[in-house]
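One file, final28.pdb, is given below (PDB, C-alpha atoms).
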ATOM      1  CA  MET U   1     -69.604 -19.129 -39.794
ATOM      2  CA  GLN U   2     -66.887 -17.367 -41.694
ATOM      3  CA  ILE U   3     -63.387 -16.274 -40.713
ATOM      4  CA  TRP U   4     -62.295 -12.737 -41.574
ATOM      5  CA  VAL U   5     -58.632 -11.729 -41.368
ATOM      6  CA  ASP U   6     -57.300  -8.220 -40.795
ATOM      7  CA  ALA U   7     -54.508  -9.284 -43.103
ATOM      8  CA  ASP U   8     -52.176  -6.294 -43.441
ATOM      9  CA  ALA U   9     -50.291  -7.071 -40.226
ATOM     10  CA  CYS U  10     -51.195 -10.730 -39.740
ATOM     11  CA  PRO U  11     -48.115 -12.969 -39.453
ATOM     12  CA  GLY U  12     -47.567 -15.377 -42.350
ATOM     13  CA  VAL U  13     -47.545 -18.405 -40.062
ATOM     14  CA  ILE U  14     -51.061 -17.496 -38.889
ATOM     15  CA  LYS U  15     -52.313 -17.071 -42.449
ATOM     16  CA  ASP U  16     -50.859 -20.490 -43.328
ATOM     17  CA  MET U  17     -52.744 -22.066 -40.400
ATOM     18  CA  LEU U  18     -55.951 -20.403 -41.524
ATOM     19  CA  PHE U  19     -55.472 -21.662 -45.092
ATOM     20  CA  ARG U  20     -55.146 -25.229 -43.796
ATOM     21  CA  VAL U  21     -58.238 -24.821 -41.602
ATOM     22  CA  ALA U  22     -60.235 -23.511 -44.566
ATOM     23  CA  ASP U  23     -59.355 -26.488 -46.726
ATOM     24  CA  ARG U  24     -59.795 -29.017 -43.918
ATOM     25  CA  THR U  25     -63.154 -27.734 -42.660
ATOM     26  CA  GLY U  26     -64.711 -25.912 -45.595
ATOM     27  CA  ILE U  27     -64.976 -22.705 -43.564
ATOM     28  CA  VAL U  28     -64.485 -19.670 -45.782
ATOM     29  CA  VAL U  29     -61.469 -17.560 -44.819
ATOM     30  CA  THR U  30     -61.441 -14.033 -46.258
ATOM     31  CA  LEU U  31     -58.345 -11.846 -46.003
ATOM     32  CA  VAL U  32     -58.987  -8.102 -46.059
ATOM     33  CA  ALA U  33     -56.000  -5.889 -46.863
ATOM     34  CA  ASN U  34     -55.052  -2.696 -48.650
ATOM     35  CA  ARG U  35     -52.819  -4.582 -51.086
ATOM     36  CA  GLY U  36     -53.066  -7.792 -53.031
ATOM     37  CA  LEU U  37     -52.010 -10.899 -51.105
ATOM     38  CA  ARG U  38     -50.915 -14.255 -52.411
ATOM     39  CA  THR U  39     -53.221 -17.029 -51.375
ATOM     40  CA  PRO U  40     -53.199 -20.695 -52.269
ATOM     41  CA  PRO U  41     -55.797 -21.821 -54.789
ATOM     42  CA  SER U  42     -58.888 -22.863 -52.840
ATOM     43  CA  ARG U  43     -62.593 -22.241 -53.120
ATOM     44  CA  PHE U  44     -62.575 -21.598 -49.360
ATOM     45  CA  ILE U  45     -59.936 -18.828 -49.381
ATOM     46  CA  LYS U  46     -60.818 -15.357 -50.614
ATOM     47  CA  SER U  47     -59.309 -11.911 -50.416
ATOM     48  CA  ILE U  48     -60.675  -8.407 -50.575
ATOM     49  CA  VAL U  49     -58.425  -5.480 -51.464
ATOM     50  CA  VAL U  50     -59.542  -2.151 -50.031
ATOM     51  CA  PRO U  51     -58.128   1.296 -50.776
ATOM     52  CA  ALA U  52     -55.186   2.436 -48.670
ATOM     53  CA  GLY U  53     -56.117   4.597 -45.718
ATOM     54  CA  PHE U  54     -56.559   4.667 -41.991
ATOM     55  CA  ASP U  55     -58.880   1.859 -40.784
ATOM     56  CA  VAL U  56     -60.306   1.184 -44.270
ATOM     57  CA  ALA U  57     -59.797  -2.577 -43.915
ATOM     58  CA  ASP U  58     -61.245  -2.465 -40.392
ATOM     59  CA  ARG U  59     -64.390  -0.683 -41.590
ATOM     60  CA  GLU U  60     -64.829  -3.217 -44.394
ATOM     61  CA  ILE U  61     -64.574  -6.126 -41.964
ATOM     62  CA  VAL U  62     -67.113  -4.534 -39.594
ATOM     63  CA  LYS U  63     -69.464  -3.942 -42.503
ATOM     64  CA  LEU U  64     -69.282  -7.586 -43.644
ATOM     65  CA  VAL U  65     -69.003  -9.544 -40.388
ATOM     66  CA  GLN U  66     -72.067 -11.436 -39.178
ATOM     67  CA  ALA U  67     -72.965 -12.733 -35.735
ATOM     68  CA  GLY U  68     -71.029 -15.943 -35.085
ATOM     69  CA  ASP U  69     -68.164 -15.043 -37.427
ATOM     70  CA  LEU U  70     -64.564 -15.077 -36.246
ATOM     71  CA  VAL U  71     -62.225 -12.165 -36.969
ATOM     72  CA  ILE U  72     -58.461 -12.497 -36.707
ATOM     73  CA  THR U  73     -56.989  -9.170 -35.621
ATOM     74  CA  ALA U  74     -54.599  -7.560 -33.175
ATOM     75  CA  ASP U  75     -56.569  -4.308 -33.449
ATOM     76  CA  ILE U  76     -58.565  -3.955 -30.227
ATOM     77  CA  PRO U  77     -60.995  -1.248 -31.463
ATOM     78  CA  LEU U  78     -61.793  -3.502 -34.446
ATOM     79  CA  ALA U  79     -62.246  -6.438 -32.063
ATOM     80  CA  ALA U  80     -64.664  -4.328 -29.984
ATOM     81  CA  ASP U  81     -66.727  -3.491 -33.075
ATOM     82  CA  VAL U  82     -66.800  -7.166 -34.070
ATOM     83  CA  VAL U  83     -67.929  -8.236 -30.596
ATOM     84  CA  ALA U  84     -70.642  -5.541 -30.670
ATOM     85  CA  LYS U  85     -72.007  -7.169 -33.860
ATOM     86  CA  GLY U  86     -72.105 -10.610 -32.224
ATOM     87  CA  GLY U  87     -68.830 -11.923 -33.587
ATOM     88  CA  VAL U  88     -65.713 -13.106 -31.821
ATOM     89  CA  ALA U  89     -62.191 -11.818 -32.391
ATOM     90  CA  LEU U  90     -58.951 -13.734 -31.940
ATOM     91  CA  ASN U  91     -55.602 -12.037 -31.991
ATOM     92  CA  PRO U  92     -52.604 -13.721 -33.654
ATOM     93  CA  ARG U  93     -51.097 -14.420 -30.234
ATOM     94  CA  GLY U  94     -54.050 -16.599 -29.252
ATOM     95  CA  GLU U  95     -56.068 -14.215 -27.108
ATOM     96  CA  LEU U  96     -59.820 -14.420 -27.654
ATOM     97  CA  TYR U  97     -61.831 -11.193 -27.422
ATOM     98  CA  THR U  98     -65.412 -11.742 -26.296
ATOM     99  CA  ALA U  99     -68.282  -9.742 -24.801
ATOM    100  CA  ASP U 100     -66.957 -10.761 -21.383
ATOM    101  CA  ASN U 101     -63.467  -9.304 -21.781
ATOM    102  CA  ILE U 102     -63.407  -6.712 -24.575
ATOM    103  CA  ARG U 103     -64.090  -3.714 -22.316
ATOM    104  CA  HIS U 104     -61.040  -4.562 -20.207
ATOM    105  CA  HIS U 105     -58.824  -4.860 -23.298
ATOM    106  CA  LEU U 106     -60.167  -1.620 -24.737
ATOM    107  CA  SER U 107     -59.564   0.211 -21.438
ATOM    108  CA  MET U 108     -55.978  -1.062 -21.259
ATOM    109  CA  ARG U 109     -55.354  -0.124 -24.892
ATOM    110  CA  ASN U 110     -56.712   3.399 -24.294
ATOM    111  CA  PHE U 111     -54.644   3.764 -21.112
ATOM    112  CA  MET U 112     -51.457   2.752 -22.943
ATOM    113  CA  GLU U 113     -52.319   5.146 -25.784
ATOM    114  CA  GLU U 114     -52.648   7.981 -23.236
ATOM    115  CA  LEU U 115     -49.253   7.117 -21.768
ATOM    116  CA  ARG U 116     -47.645   7.121 -25.225
ATOM    117  CA  SER U 117     -49.291  10.404 -26.201
ATOM    118  CA  SER U 118     -47.959  12.022 -23.034
ATOM    119  CA  GLY U 119     -44.441  11.103 -24.110
ATOM    120  CA  MET U 120     -43.889   8.012 -21.989
ATOM    121  CA  GLU U 121     -41.947   5.199 -23.624
ATOM    122  CA  THR U 122     -44.026   2.051 -23.261
ATOM    123  CA  GLY U 123     -42.109  -0.222 -25.622
ATOM    124  CA  GLY U 124     -43.695  -2.361 -28.259
ATOM    125  CA  PRO U 125     -45.043  -5.859 -28.202
ATOM    126  CA  ALA U 126     -42.661  -8.767 -27.817
ATOM    127  CA  ALA U 127     -41.543 -10.507 -30.988
ATOM    128  CA  PHE U 128     -44.011 -13.078 -32.297
ATOM    129  CA  SER U 129     -42.969 -16.490 -30.967
ATOM    130  CA  GLN U 130     -43.671 -20.179 -31.467
ATOM    131  CA  GLY U 131     -45.581 -20.080 -28.185
ATOM    132  CA  ASP U 132     -47.835 -17.375 -29.657
ATOM    133  CA  SER U 133     -48.362 -19.545 -32.706
ATOM    134  CA  ARG U 134     -49.291 -22.573 -30.571
ATOM    135  CA  ALA U 135     -51.679 -20.500 -28.435
ATOM    136  CA  PHE U 136     -53.369 -19.223 -31.592
ATOM    137  CA  ALA U 137     -53.679 -22.745 -33.004
ATOM    138  CA  ARG U 138     -55.280 -23.993 -29.760
ATOM    139  CA  GLU U 139     -57.857 -21.198 -29.626
ATOM    140  CA  LEU U 140     -58.622 -21.460 -33.336
ATOM    141  CA  ASP U 141     -59.135 -25.212 -33.026
ATOM    142  CA  ARG U 142     -61.451 -24.753 -30.005
ATOM    143  CA  TYR U 143     -63.500 -22.146 -31.816
ATOM    144  CA  VAL U 144     -63.802 -24.208 -35.006
ATOM    145  CA  GLN U 145     -64.810 -27.336 -33.091
ATOM    146  CA  LYS U 146     -67.383 -25.419 -31.073
ATOM    147  CA  SER U 147     -68.869 -23.762 -34.147
ATOM    148  CA  GLN U 148     -69.051 -27.011 -36.104
ATOM    149  CA  ALA U 149     -70.719 -28.779 -33.177
ATOM    150  CA  GLY U 150     -73.391 -26.076 -33.266
ATOM    151  CA  ARG U 151     -74.214 -26.665 -36.939
TER     152      ARG U 151
END
Spit out the file's structure as structure tokens when you get a sec.
Amino acid sequence: MQIWVDADACPGVIKDMLFRVADRTGIVVTLVANRGLRTPPSRFIKSIVVPAGFDVADREIVKLVQAGDLVITADIPLAADVVAKGGVALNPRGELYTADNIRHHLSMRNFMEELRSSGMETGGPAAFSQGDSRAFARELDRYVQKSQAGR
């Protein structure tokens, strides 16, 4: 198992958690972004810089992800592609995207996109909170424990 991070918009507190998990468990965490990112020195933490452009990082993650890998992303179309390849996606707010629920999330995302494109103000997401951080930590811990038990 490997953890991939859609790193351009990932909150710093989430990246810090992932860095600690990598060092504690030996699971490789790879950040994919369109700019260089600072990472702590660790043989378990890597980064890939992709060219700037629409969905370039997403396409790179989909190309590299393997069944059983975990992808950290808030991008629902990317999460759907990951799930289609047998992976699991976790958003930074602690919501797990799986084969059982990704269609619902994709439908809601598309519905909201239609509303926005028709001119309706839908507002943005709430500010990232400590509760979001705790929910992410819980789901990440569950996933790591489950994957290590399966080794």
Once you count all atoms listed in the file, which residues end up no further than 10 Å from (-48.4, -18.0, -48.8) in the file's frame, shown as a compact mmCIF listing (two decimals) with C-alpha atoms, keeping the file's coordinate frame?
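Final file, out_9.txt:
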# COMPACT_ATOMS: atom_id res chain seq x y z
CA GLY U 12 -47.57 -15.38 -42.35
CA VAL U 13 -47.54 -18.40 -40.06
CA LYS U 15 -52.31 -17.07 -42.45
CA ASP U 16 -50.86 -20.49 -43.33
CA PHE U 19 -55.47 -21.66 -45.09
CA LEU U 37 -52.01 -10.90 -51.10
CA ARG U 38 -50.92 -14.26 -52.41
CA THR U 39 -53.22 -17.03 -51.38
CA PRO U 40 -53.20 -20.70 -52.27
With the file shown as input, list the residues that the PyMOL selection byres ((chain U and resi 130) around 12) selects, as a ChimeraX atom specification. /U:11,13-14,92-94,127-129,131-137
May I have the residues within 10 Å of Arg35 (chain U) as an mmCIF file with C-alpha atoms, in the coordinates of the input, using only C-alpha atoms and disregarding those fewer than 6 positions away in the same chain?
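Contents of around21.cif, freshly written:
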data_model
loop_
_atom_site.group_PDB
_atom_site.id
_atom_site.type_symbol
_atom_site.label_atom_id
_atom_site.label_comp_id
_atom_site.auth_asym_id
_atom_site.auth_seq_id
_atom_site.Cartn_x
_atom_site.Cartn_y
_atom_site.Cartn_z
ATOM 1 C CA ALA U 7 -54.508 -9.284 -43.103
ATOM 2 C CA ASP U 8 -52.176 -6.294 -43.441
ATOM 3 C CA SER U 47 -59.309 -11.911 -50.416
ATOM 4 C CA ILE U 48 -60.675 -8.407 -50.575
ATOM 5 C CA VAL U 49 -58.425 -5.480 -51.464
ATOM 6 C CA VAL U 50 -59.542 -2.151 -50.031
ATOM 7 C CA PRO U 51 -58.128 1.296 -50.776
ATOM 8 C CA ALA U 52 -55.186 2.436 -48.670
#
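CA of Ser107 (chain U) sits 17.5 Å away from CA of Met120 (chain U).
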Within 6 Å of region 20-30 of chain U, which residues of region 39-129 of chain U come that close, and what is the closest atom pair and distance in Å for each? Count all atoms listed in the file and give it as CSV.
residue,atom,partner,partner_atom,distance
U:Phe44,CA,U:Val28,CA,4.5
U:Ile45,CA,U:Val29,CA,5.0
U:Lys46,CA,U:Thr30,CA,4.6
U:Ser47,CA,U:Thr30,CA,5.1
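Residue nearest His104 (chain U) within the list U:Ala33, U:Val88, U:Ala126, U:Ala80: U:Ala80 [criterion: smallest interatomic distance, only C-alpha atoms].
Take the PyMOL selection byres ((chain U and resi 90) around 10) and apply it to this file: it picks Val5, Leu70, Val71, Ile72, Thr73, Ala74, Asp75, Ile76, Ala79, Val88, Ala89, Asn91, Pro92, Arg93, Gly94, Glu95, Leu96, Tyr97, Thr98, Phe136, Glu139, Leu140 and Tyr143 of chain U.
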Just-selected residues, C-alpha atoms written as an mmCIF file, keeping the file's coordinate frame:
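Output saved as out39.cif:
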data_model
loop_
_atom_site.group_PDB
_atom_site.id
_atom_site.type_symbol
_atom_site.label_atom_id
_atom_site.label_comp_id
_atom_site.auth_asym_id
_atom_site.auth_seq_id
_atom_site.Cartn_x
_atom_site.Cartn_y
_atom_site.Cartn_z
ATOM 1 C CA VAL U 5 -58.632 -11.729 -41.368
ATOM 2 C CA LEU U 70 -64.564 -15.077 -36.246
ATOM 3 C CA VAL U 71 -62.225 -12.165 -36.969
ATOM 4 C CA ILE U 72 -58.461 -12.497 -36.707
ATOM 5 C CA THR U 73 -56.989 -9.170 -35.621
ATOM 6 C CA ALA U 74 -54.599 -7.560 -33.175
ATOM 7 C CA ASP U 75 -56.569 -4.308 -33.449
ATOM 8 C CA ILE U 76 -58.565 -3.955 -30.227
ATOM 9 C CA ALA U 79 -62.246 -6.438 -32.063
ATOM 10 C CA VAL U 88 -65.713 -13.106 -31.821
ATOM 11 C CA ALA U 89 -62.191 -11.818 -32.391
ATOM 12 C CA ASN U 91 -55.602 -12.037 -31.991
ATOM 13 C CA PRO U 92 -52.604 -13.721 -33.654
ATOM 14 C CA ARG U 93 -51.097 -14.420 -30.234
ATOM 15 C CA GLY U 94 -54.050 -16.599 -29.252
ATOM 16 C CA GLU U 95 -56.068 -14.215 -27.108
ATOM 17 C CA LEU U 96 -59.820 -14.420 -27.654
ATOM 18 C CA TYR U 97 -61.831 -11.193 -27.422
ATOM 19 C CA THR U 98 -65.412 -11.742 -26.296
ATOM 20 C CA PHE U 136 -53.369 -19.223 -31.592
ATOM 21 C CA GLU U 139 -57.857 -21.198 -29.626
ATOM 22 C CA LEU U 140 -58.622 -21.460 -33.336
ATOM 23 C CA TYR U 143 -63.500 -22.146 -31.816
#
Care to translate the PyMOL selection byres ((chain U and resi 147) around 12) into actual residues of this file, as a ChimeraX atom specification? /U:1-3,25,27,67-70,87-88,140-146,148-151
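Computed from the coordinates, the CA of Arg43 (chain U) to CA of Cys10 (chain U) distance equals 21.0 Å.
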May I ask for the distance between CA of Asp55 (chain U) and CA of Ser118 (chain U), given in Å to one decimal place? 23.2 Å
Counting all atoms listed in the file, the option among U:Asp58, U:Pro77, U:Glu121, U:Lys85 closest to Met108 (chain U): U:Pro77
